[in-house]
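Structure file upload.csv (CSV, C-alpha atoms) is printed below.
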chain,number,residue,atom,x,y,z
A,3,MET,CA,0.0,0.0,0.0
A,4,HIS,CA,2.8,2.4,0.9
A,5,ARG,CA,4.4,1.9,-2.6
A,6,ILE,CA,1.1,2.6,-4.3
A,7,LEU,CA,0.7,5.8,-2.4
A,8,VAL,CA,4.2,6.9,-3.2
A,9,LEU,CA,3.7,6.1,-6.9
A,10,SER,CA,0.4,7.9,-7.0
A,11,CYS,CA,2.0,11.0,-5.5
A,12,LEU,CA,4.8,11.0,-8.1
A,13,LEU,CA,2.4,10.6,-11.0
A,14,TRP,CA,0.2,13.4,-9.6
A,15,ALA,CA,3.2,15.7,-9.4
A,16,VAL,CA,4.1,15.1,-13.1
A,17,ASN,CA,0.6,15.5,-14.4
A,18,VAL,CA,-0.4,18.6,-12.5
A,19,GLY,CA,3.0,20.2,-12.3
A,20,VAL,CA,3.6,20.5,-8.6
A,21,ALA,CA,7.1,19.1,-8.6
A,22,HIS,CA,9.1,21.6,-6.4
A,23,ALA,CA,8.6,23.3,-3.1
A,24,ASP,CA,10.6,26.3,-4.0
A,25,SER,CA,8.8,29.7,-4.2
A,26,PRO,CA,9.9,31.9,-7.2
A,27,SER,CA,10.3,35.6,-6.5
A,28,GLY,CA,10.2,37.3,-9.9
A,29,GLU,CA,7.5,40.0,-10.0
A,30,GLY,CA,6.1,38.5,-6.8
A,31,GLY,CA,6.4,35.0,-8.2
A,32,LYS,CA,4.0,35.6,-11.0
A,33,ALA,CA,2.9,32.4,-12.7
A,34,ILE,CA,3.1,31.8,-16.5
A,35,LEU,CA,1.8,28.9,-18.5
A,36,VAL,CA,3.8,28.0,-21.6
A,37,THR,CA,2.4,25.5,-24.1
A,38,GLY,CA,4.7,23.4,-26.2
A,39,ALA,CA,7.5,23.9,-23.7
A,40,SER,CA,9.5,20.7,-24.3
A,41,THR,CA,11.8,22.0,-27.1
A,42,GLY,CA,12.8,24.9,-29.3
A,43,ILE,CA,11.2,28.3,-28.6
A,44,GLY,CA,9.0,27.0,-25.9
A,45,ARG,CA,11.9,25.5,-24.0
A,46,LYS,CA,13.9,28.7,-24.3
A,47,ILE,CA,10.9,30.8,-23.0
A,48,THR,CA,10.5,28.4,-20.1
A,49,GLU,CA,14.2,28.4,-19.2
A,50,ARG,CA,14.4,32.2,-19.4
A,51,LEU,CA,11.4,32.9,-17.3
A,52,ALA,CA,12.3,30.3,-14.7
A,53,ALA,CA,15.9,31.7,-14.5
A,54,HIS,CA,14.3,35.1,-13.8
A,55,GLU,CA,12.4,33.7,-10.8
A,56,TYR,CA,9.0,33.4,-12.4
A,57,LEU,CA,6.9,30.3,-11.8
A,58,VAL,CA,6.4,28.5,-15.1
A,59,TYR,CA,3.8,25.9,-15.8
A,60,ALA,CA,5.4,24.1,-18.7
A,61,GLY,CA,3.0,22.2,-21.0
A,62,ALA,CA,4.3,19.1,-22.7
A,63,ARG,CA,2.9,15.7,-23.9
A,64,LYS,CA,5.6,13.1,-23.3
A,65,ASP,CA,6.6,11.6,-20.0
A,66,SER,CA,10.3,12.1,-20.8
A,67,ASP,CA,9.7,15.8,-21.6
A,68,LEU,CA,7.7,16.3,-18.4
A,69,GLN,CA,10.4,14.7,-16.3
A,70,ALA,CA,13.1,16.9,-18.0
A,71,LEU,CA,11.1,20.1,-17.4
A,72,GLY,CA,10.4,19.1,-13.8
A,73,ALA,CA,14.1,19.1,-13.1
A,74,ILE,CA,14.3,22.9,-13.8
A,75,LYS,CA,14.1,25.2,-10.8
A,76,ASN,CA,10.8,27.2,-10.8
A,77,VAL,CA,9.2,25.0,-13.4
A,78,ARG,CA,6.0,22.9,-12.8
A,79,PRO,CA,5.5,20.4,-15.7
A,80,ILE,CA,1.9,20.0,-16.8
A,81,ARG,CA,0.7,17.3,-19.2
A,82,LEU,CA,-0.9,19.4,-22.0
A,83,ASP,CA,-1.8,18.4,-25.5
A,84,VAL,CA,-3.6,21.4,-26.9
A,85,THR,CA,-5.7,19.3,-29.2
A,86,LYS,CA,-7.3,17.4,-26.2
A,87,PRO,CA,-10.0,19.3,-24.3
A,88,GLU,CA,-9.6,16.9,-21.4
A,89,ASP,CA,-5.9,17.8,-21.0
A,90,ILE,CA,-6.8,21.5,-21.1
A,91,ASP,CA,-9.5,21.1,-18.5
A,92,ALA,CA,-7.2,19.2,-16.2
A,93,ALA,CA,-4.5,21.8,-16.6
A,94,VAL,CA,-7.0,24.6,-15.7
A,95,GLN,CA,-8.0,22.6,-12.6
A,96,ALA,CA,-4.4,22.0,-11.6
A,97,VAL,CA,-3.4,25.7,-11.9
A,98,ALA,CA,-6.5,26.8,-10.1
A,99,GLN,CA,-6.0,24.4,-7.3
A,100,ALA,CA,-2.4,25.4,-6.9
A,101,GLY,CA,-3.8,28.7,-5.5
A,102,ARG,CA,-1.2,31.1,-7.1
A,103,GLY,CA,-3.4,32.3,-9.9
A,104,LEU,CA,-2.1,32.8,-13.5
A,105,TYR,CA,-0.7,36.0,-14.7
A,106,GLY,CA,0.5,35.0,-18.2
A,107,LEU,CA,-0.3,32.6,-21.0
A,108,VAL,CA,2.1,31.9,-23.8
A,109,ASN,CA,0.5,30.1,-26.7
A,110,ASN,CA,3.6,28.6,-28.2
A,111,ALA,CA,2.6,25.0,-29.2
A,112,GLY,CA,2.8,24.6,-33.0
A,113,ILE,CA,3.6,22.2,-35.8
A,114,TYR,CA,4.7,22.6,-39.4
A,115,ALA,CA,3.5,21.2,-42.7
A,116,ASP,CA,5.5,21.1,-45.9
A,117,GLY,CA,4.2,21.1,-49.5
A,118,PRO,CA,1.5,22.8,-51.6
A,119,VAL,CA,-1.9,23.3,-50.0
A,120,ILE,CA,-3.8,21.2,-52.5
A,121,ASP,CA,-1.3,18.3,-52.0
A,122,THR,CA,-1.7,18.4,-48.3
A,123,SER,CA,-3.9,15.5,-47.0
A,124,PRO,CA,-7.1,16.5,-45.1
A,125,GLU,CA,-5.7,14.7,-42.1
A,126,GLU,CA,-2.5,16.7,-42.1
A,127,PHE,CA,-4.4,19.9,-42.7
A,128,ASP,CA,-6.8,19.2,-39.8
A,129,LEU,CA,-4.0,18.3,-37.4
A,130,LEU,CA,-2.1,21.5,-38.1
A,131,MET,CA,-5.1,23.7,-37.6
A,132,LYS,CA,-6.0,21.8,-34.4
A,133,VAL,CA,-2.6,22.5,-33.0
A,134,ASN,CA,-1.7,26.0,-34.4
A,135,LEU,CA,-5.2,27.6,-34.4
A,136,TYR,CA,-7.7,25.7,-32.4
A,137,GLY,CA,-5.1,25.1,-29.7
A,138,PRO,CA,-4.6,28.8,-28.9
A,139,TYR,CA,-8.3,29.4,-29.0
A,140,ARG,CA,-9.2,26.5,-26.7
A,141,VAL,CA,-6.4,27.2,-24.2
A,142,THR,CA,-7.1,31.0,-24.1
A,143,ARG,CA,-10.8,30.4,-23.7
A,144,ALA,CA,-10.2,27.9,-20.8
A,145,PHE,CA,-7.7,30.1,-18.9
A,146,ALA,CA,-9.3,33.4,-19.6
A,147,PRO,CA,-11.0,33.6,-16.2
A,148,LEU,CA,-7.7,33.2,-14.4
A,149,ILE,CA,-5.9,35.7,-16.6
A,150,LYS,CA,-8.8,38.2,-16.2
A,151,ALA,CA,-8.7,37.8,-12.4
A,152,SER,CA,-5.0,38.8,-12.4
A,153,HIS,CA,-5.3,41.5,-15.1
A,154,GLY,CA,-2.5,39.6,-16.8
A,155,ARG,CA,-1.0,39.1,-20.2
A,156,ILE,CA,-1.4,36.7,-23.2
A,157,VAL,CA,1.4,36.2,-25.7
A,158,ASN,CA,0.8,34.3,-28.9
A,159,ILE,CA,3.7,32.9,-30.9
A,160,GLY,CA,3.0,33.8,-34.5
A,161,SER,CA,5.6,33.9,-37.3
A,162,ILE,CA,6.8,36.2,-40.1
A,163,SER,CA,5.1,33.4,-42.2
A,164,GLY,CA,1.9,35.1,-41.0
A,165,ILE,CA,2.9,38.1,-43.1
A,166,VAL,CA,5.2,36.7,-45.8
A,167,ASN,CA,3.9,34.2,-48.3
A,168,GLU,CA,6.3,31.7,-49.8
A,169,THR,CA,5.6,28.7,-51.9
A,170,GLY,CA,5.7,25.3,-50.2
A,171,SER,CA,4.3,25.9,-46.7
A,172,GLY,CA,0.9,27.3,-47.4
A,173,VAL,CA,-1.0,25.5,-44.7
A,174,TYR,CA,1.4,26.6,-42.0
A,175,GLN,CA,1.2,30.1,-43.3
A,176,MET,CA,-2.6,30.0,-43.2
A,177,SER,CA,-2.5,29.1,-39.6
A,178,LYS,CA,-0.1,31.9,-38.7
A,179,HIS,CA,-2.1,34.4,-40.7
A,180,ALA,CA,-5.1,33.4,-38.6
A,181,ILE,CA,-3.0,33.9,-35.4
A,182,GLU,CA,-2.6,37.5,-36.5
A,183,THR,CA,-6.3,38.1,-36.4
A,184,PHE,CA,-6.8,36.0,-33.3
A,185,ALA,CA,-4.2,38.1,-31.3
A,186,ALA,CA,-5.7,41.4,-32.6
A,187,THR,CA,-9.2,40.3,-31.7
A,188,MET,CA,-8.2,39.1,-28.3
A,189,ALA,CA,-6.4,42.4,-27.6
A,190,GLN,CA,-9.6,44.3,-28.4
A,191,GLU,CA,-12.0,42.0,-26.5
A,192,LEU,CA,-9.9,41.5,-23.4
A,193,ALA,CA,-8.7,45.1,-23.0
A,194,PRO,CA,-11.8,46.1,-20.9
A,195,ALA,CA,-10.8,43.4,-18.4
A,196,GLY,CA,-7.3,44.8,-18.1
A,197,VAL,CA,-5.7,42.0,-20.0
A,198,LEU,CA,-3.0,42.9,-22.6
A,199,VAL,CA,-2.4,40.7,-25.6
A,200,SER,CA,0.6,40.5,-27.9
A,201,VAL,CA,1.9,38.4,-30.8
A,202,VAL,CA,5.6,37.6,-31.2
A,203,GLU,CA,6.5,36.9,-34.8
A,204,PRO,CA,9.8,35.0,-35.1
A,205,GLY,CA,11.8,34.4,-38.2
A,206,SER,CA,13.8,31.2,-38.8
A,207,TYR,CA,15.3,29.9,-35.5
A,208,LYS,CA,16.6,26.6,-34.4
A,209,SER,CA,13.9,24.2,-33.2
A,210,GLU,CA,12.6,20.7,-33.5
A,211,ILE,CA,9.7,21.7,-35.7
A,212,MET,CA,11.3,20.3,-38.9
A,213,ARG,CA,12.4,17.1,-37.3
A,214,ASN,CA,8.9,16.5,-36.0
A,215,THR,CA,7.4,17.2,-39.4
A,216,ALA,CA,9.8,14.8,-41.0
A,217,SER,CA,9.0,12.0,-38.6
A,218,ARG,CA,5.3,12.7,-38.8
A,219,SER,CA,4.7,13.1,-42.5
A,220,GLY,CA,7.9,12.1,-44.3
A,221,THR,CA,7.7,15.2,-46.5
A,222,LEU,CA,11.1,16.6,-45.5
A,223,THR,CA,14.6,15.3,-46.2
A,224,GLN,CA,17.3,14.7,-43.6
A,225,GLN,CA,19.1,17.6,-45.2
A,226,ASP,CA,16.1,19.9,-44.4
A,227,VAL,CA,16.2,18.7,-40.8
A,228,ASP,CA,20.0,19.2,-40.5
A,229,ASP,CA,19.9,22.7,-42.1
A,230,TRP,CA,17.2,23.8,-39.5
A,231,ALA,CA,19.3,22.4,-36.7
A,232,LYS,CA,22.1,24.8,-37.7
A,233,LEU,CA,20.0,27.9,-37.2
A,234,THR,CA,20.4,30.5,-34.5
A,235,GLU,CA,19.2,29.6,-31.0
A,236,PRO,CA,15.9,31.4,-30.3
A,237,ASP,CA,17.1,33.4,-27.3
A,238,ASP,CA,16.0,36.7,-28.8
A,239,VAL,CA,12.5,35.3,-29.2
A,240,ALA,CA,12.4,34.3,-25.5
A,241,ALA,CA,13.5,37.8,-24.6
A,242,ALA,CA,10.7,39.3,-26.7
A,243,VAL,CA,8.2,37.1,-24.9
A,244,GLU,CA,9.4,38.2,-21.5
A,245,MET,CA,9.1,41.8,-22.6
A,246,ALA,CA,5.6,41.3,-23.9
A,247,LEU,CA,4.7,39.7,-20.5
A,248,PHE,CA,6.2,42.3,-18.2
A,249,ASP,CA,6.9,45.6,-20.0
A,250,PRO,CA,4.6,48.2,-18.5
A,251,ALA,CA,3.5,49.2,-22.0
A,252,PRO,CA,4.0,46.2,-24.3
A,253,LYS,CA,3.8,46.4,-28.0
A,254,HIS,CA,1.0,44.4,-29.8
A,255,ARG,CA,3.5,43.0,-32.3
A,256,TYR,CA,7.1,41.9,-31.9
A,257,MET,CA,9.0,40.9,-35.0
A,258,VAL,CA,12.1,38.9,-34.0
A,259,VAL,CA,14.4,37.8,-36.8
A,260,PRO,CA,18.0,36.5,-36.9
A,261,ASN,CA,19.1,38.6,-39.9
A,262,GLU,CA,18.4,41.8,-41.8
A,263,HIS,CA,17.3,39.8,-44.9
A,264,GLN,CA,14.3,38.4,-43.1
A,265,ALA,CA,13.4,41.8,-41.6
A,266,GLU,CA,13.5,43.5,-45.0
A,267,LEU,CA,11.5,40.6,-46.5
A,268,THR,CA,8.8,41.0,-43.9
A,269,ILE,CA,8.5,44.8,-44.0
A,270,LYS,CA,8.5,44.9,-47.8
A,271,ALA,CA,5.7,42.4,-47.8
A,272,GLN,CA,3.6,44.7,-45.6
A,273,ILE,CA,4.4,47.7,-47.8
A,274,GLU,CA,3.4,45.7,-50.9
A,275,GLN,CA,0.1,44.8,-49.4
A,276,LEU,CA,-0.5,48.4,-48.6
A,277,VAL,CA,0.2,49.4,-52.2
A,278,GLN,CA,-2.1,46.7,-53.5
A,279,LEU,CA,-4.9,47.7,-51.2
A,280,ASN,CA,-4.5,51.4,-52.3
A,281,GLU,CA,-4.2,51.0,-56.0
A,282,GLY,CA,-7.0,51.2,-58.5
A,283,GLN,CA,-9.9,51.8,-56.1
A,284,ARG,CA,-12.3,54.7,-55.6
A,285,TYR,CA,-10.5,56.3,-52.7
A,286,THR,CA,-6.9,55.8,-53.8
A,287,TYR,CA,-4.5,58.0,-51.9
A,288,ASP,CA,-1.6,59.7,-53.5
A,289,ARG,CA,2.0,59.4,-52.4
A,290,ALA,CA,2.0,62.6,-50.3
A,291,THR,CA,-1.1,61.5,-48.4
A,292,LEU,CA,0.4,58.0,-47.8
A,293,ILE,CA,3.6,59.6,-46.5
A,294,LYS,CA,1.5,61.7,-44.1
A,295,MET,CA,-0.2,58.6,-42.8
A,296,LEU,CA,3.1,56.9,-42.3
A,297,ASP,CA,4.6,59.9,-40.5
A,298,ALA,CA,1.6,60.0,-38.2
A,299,ALA,CA,2.0,56.3,-37.4
A,300,LEU,CA,5.7,56.7,-36.8
A,301,LYS,CA,5.1,59.4,-34.1
A,302,SER,CA,4.2,56.6,-31.7
A,303,ALA,CA,6.9,54.2,-32.9
A,304,ARG,CA,9.7,53.1,-30.5
A,305,PRO,CA,13.3,53.7,-31.3
A,306,GLY,CA,15.3,51.0,-32.9
A,307,VAL,CA,17.5,48.6,-31.0
A,308,LYS,CA,20.6,48.5,-33.3

How would this structure read if it were set down as structure tokens?
Amino acid sequence: MHRILVLSCLLWAVNVGVAHADSPSGEGGKAILVTGASTGIGRKITERLAAHEYLVYAGARKDSDLQALGAIKNVRPIRLDVTKPEDIDAAVQAVAQAGRGLYGLVNNAGIYADGPVIDTSPEEFDLLMKVNLYGPYRVTRAFAPLIKASHGRIVNIGSISGIVNETGSGVYQMSKHAIETFAATMAQELAPAGVLVSVVEPGSYKSEIMRNTASRSGTLTQQDVDDWAKLTEPDDVAAAVEMALFDPAPKHRYMVVPNEHQAELTIKAQIEQLVQLNEGQRYTYDRATLIKMLDAALKSARPGVK
């Protein structure tokens, strides 16, 4: 009987994320939930916040990942598959019962799909949308009462792929375009409750997303996986997430890219969309008027970080 009780306690600790007795002190020990925390960007976010003395509920699916996350100081692993309502409900219950509230939610969990949209199987399409789009919706909806109670923050991990269209990853880009609207809408709807919402839009950083795609769908080569593994570590992305969570006046959008080429590509894409919207319609604005609009918008822009 004693062994059964011990085993039950250990399993409970892994599933609900109460693995340590330490009490984080960052910003009063504010608690943050990070989905998809096992690898890549999610892991970097988790490690950074935990190192800065925040309490991090780290969502992951596999036992091995939960165990690894539980070994990090200030981290509470939580079993969380964002496609499973029962996991989300259990996570909400665990966080609520812990009694510390929830200040921040980072919707990071995501997967990638390679290939033309019309060649993507309905099963792969559905899975990607369940993770990348329905996941943030379901998790945000479930945790909204806790976030509202703390007048907290929500950070969604988008991508410059939500702005730039390139051939070969259309389904993934569709999901990230949708996150743009999701984040903007949540910002408007939750503002009256004192909740601030941001979207962080990374460029290409090192992660396991390509390896996972290769093992799941077989659409990528080993060279694709190896090339992705050589990319820059996503430390800057984690820094942007922390800023969005705790800056007194956070931005709504944070573009974080590893090189100037990706920055130029993204900004040019936005300008090209503006030009296309403006051209050949009844209320087309001339260049001088567009520049006035740009100057007005730039008055509230923050200085560069170079």

Point to revise | Straight-line distance linking CA of Arg102 (chain A) with CA of Leu51 (chain A), stated in Å to one decimal | key: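 Interatomic distance, CA of Arg102 (chain A) to CA of Leu51 (chain A): 16.3 Å.
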
Practice item. Please provide the set of residues having any atom within 12 Å of Thr142 (chain A), restricted to all atoms listed in the file, with same-chain residues fewer than 3 positions apart removed, written as a VMD selection string. Key: chain A and resid 35 to 37 84 90 to 91 94 104 106 to 110 135 to 139 145 to 150 155 to 158 184 to 185 188 to 189 192 197 199

Review point. What does the distance from CA of Gln225 (chain A) to CA of Ala180 (chain A) come to in Å, to one decimal?
Key: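 We find that CA of Gln225 (chain A) and CA of Ala180 (chain A) lie 29.6 Å from each other.
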
Check your understanding: To one decimal place, how far is CA of Asp67 (chain A) from CA of Ser152 (chain A) in Å?
Key ->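 These atoms are spaced 28.8 Å apart.
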
Review point. Do you know which residues are at most 7 Å from region 229-246 of chain A counting all atoms listed in the file, after dropping those on the same chain fewer than 2 positions away, and could you put them as a list in words?
Key: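 Once the adjacent positions are removed, what remains is Ile43, Lys46, Ile47, Arg50, Val157, Ser200, Val202, Pro204, Tyr207, Lys208, Ser209, Met212, Gln225, Asp226, Val227, Phe248, Asp249, Pro252, Lys253, Tyr256, Val258 and Pro260 of chain A.
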
Serialized selection, C-alpha atoms, as a short mmCIF file (atom, residue, chain, number, x, y, z; two decimals), in the frame of the given file:
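Saved to result07.cif:
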data_model
loop_
_atom_site.label_atom_id
_atom_site.label_comp_id
_atom_site.auth_asym_id
_atom_site.auth_seq_id
_atom_site.Cartn_x
_atom_site.Cartn_y
_atom_site.Cartn_z
CA ILE A 43 11.20 28.30 -28.60
CA LYS A 46 13.90 28.70 -24.30
CA ILE A 47 10.90 30.80 -23.00
CA ARG A 50 14.40 32.20 -19.40
CA VAL A 157 1.40 36.20 -25.70
CA SER A 200 0.60 40.50 -27.90
CA VAL A 202 5.60 37.60 -31.20
CA PRO A 204 9.80 35.00 -35.10
CA TYR A 207 15.30 29.90 -35.50
CA LYS A 208 16.60 26.60 -34.40
CA SER A 209 13.90 24.20 -33.20
CA MET A 212 11.30 20.30 -38.90
CA GLN A 225 19.10 17.60 -45.20
CA ASP A 226 16.10 19.90 -44.40
CA VAL A 227 16.20 18.70 -40.80
CA PHE A 248 6.20 42.30 -18.20
CA ASP A 249 6.90 45.60 -20.00
CA PRO A 252 4.00 46.20 -24.30
CA LYS A 253 3.80 46.40 -28.00
CA TYR A 256 7.10 41.90 -31.90
CA VAL A 258 12.10 38.90 -34.00
CA PRO A 260 18.00 36.50 -36.90
#

Check your understanding: Using all atoms listed in the file, which of A:His54, A:Arg81, A:Lys301, A:Lys32 sits nearest Ser66 (chain A)?
Key ->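 Answer, going by the shortest atom-to-atom distance: A:Arg81.
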
Check your understanding: Got a sec: who's within 7 Å of Val173 (chain A), counting all atoms listed in the file, leaving out chain neighbours fewer than 6 positions off, as a ChimeraX atom specification?
Key -> /A:115,119,127

Practice item. Could you give me, as a PyMOL selection string, the residues within 8 Å of Gly160 (chain A), counting all atoms listed in the file and dropping anything in the same chain fewer than 4 positions from it? Key: chain A and resi 164+178+181-182+201-204

Restricting it to C-alpha atoms, dump the selection as a tab-separated table (two decimals), in the frame of the given file.
chain	number	residue	atom	x	y	z
A	164	GLY	CA	1.90	35.10	-41.00
A	178	LYS	CA	-0.10	31.90	-38.70
A	181	ILE	CA	-3.00	33.90	-35.40
A	182	GLU	CA	-2.60	37.50	-36.50
A	201	VAL	CA	1.90	38.40	-30.80
A	202	VAL	CA	5.60	37.60	-31.20
A	203	GLU	CA	6.50	36.90	-34.80
A	204	PRO	CA	9.80	35.00	-35.10
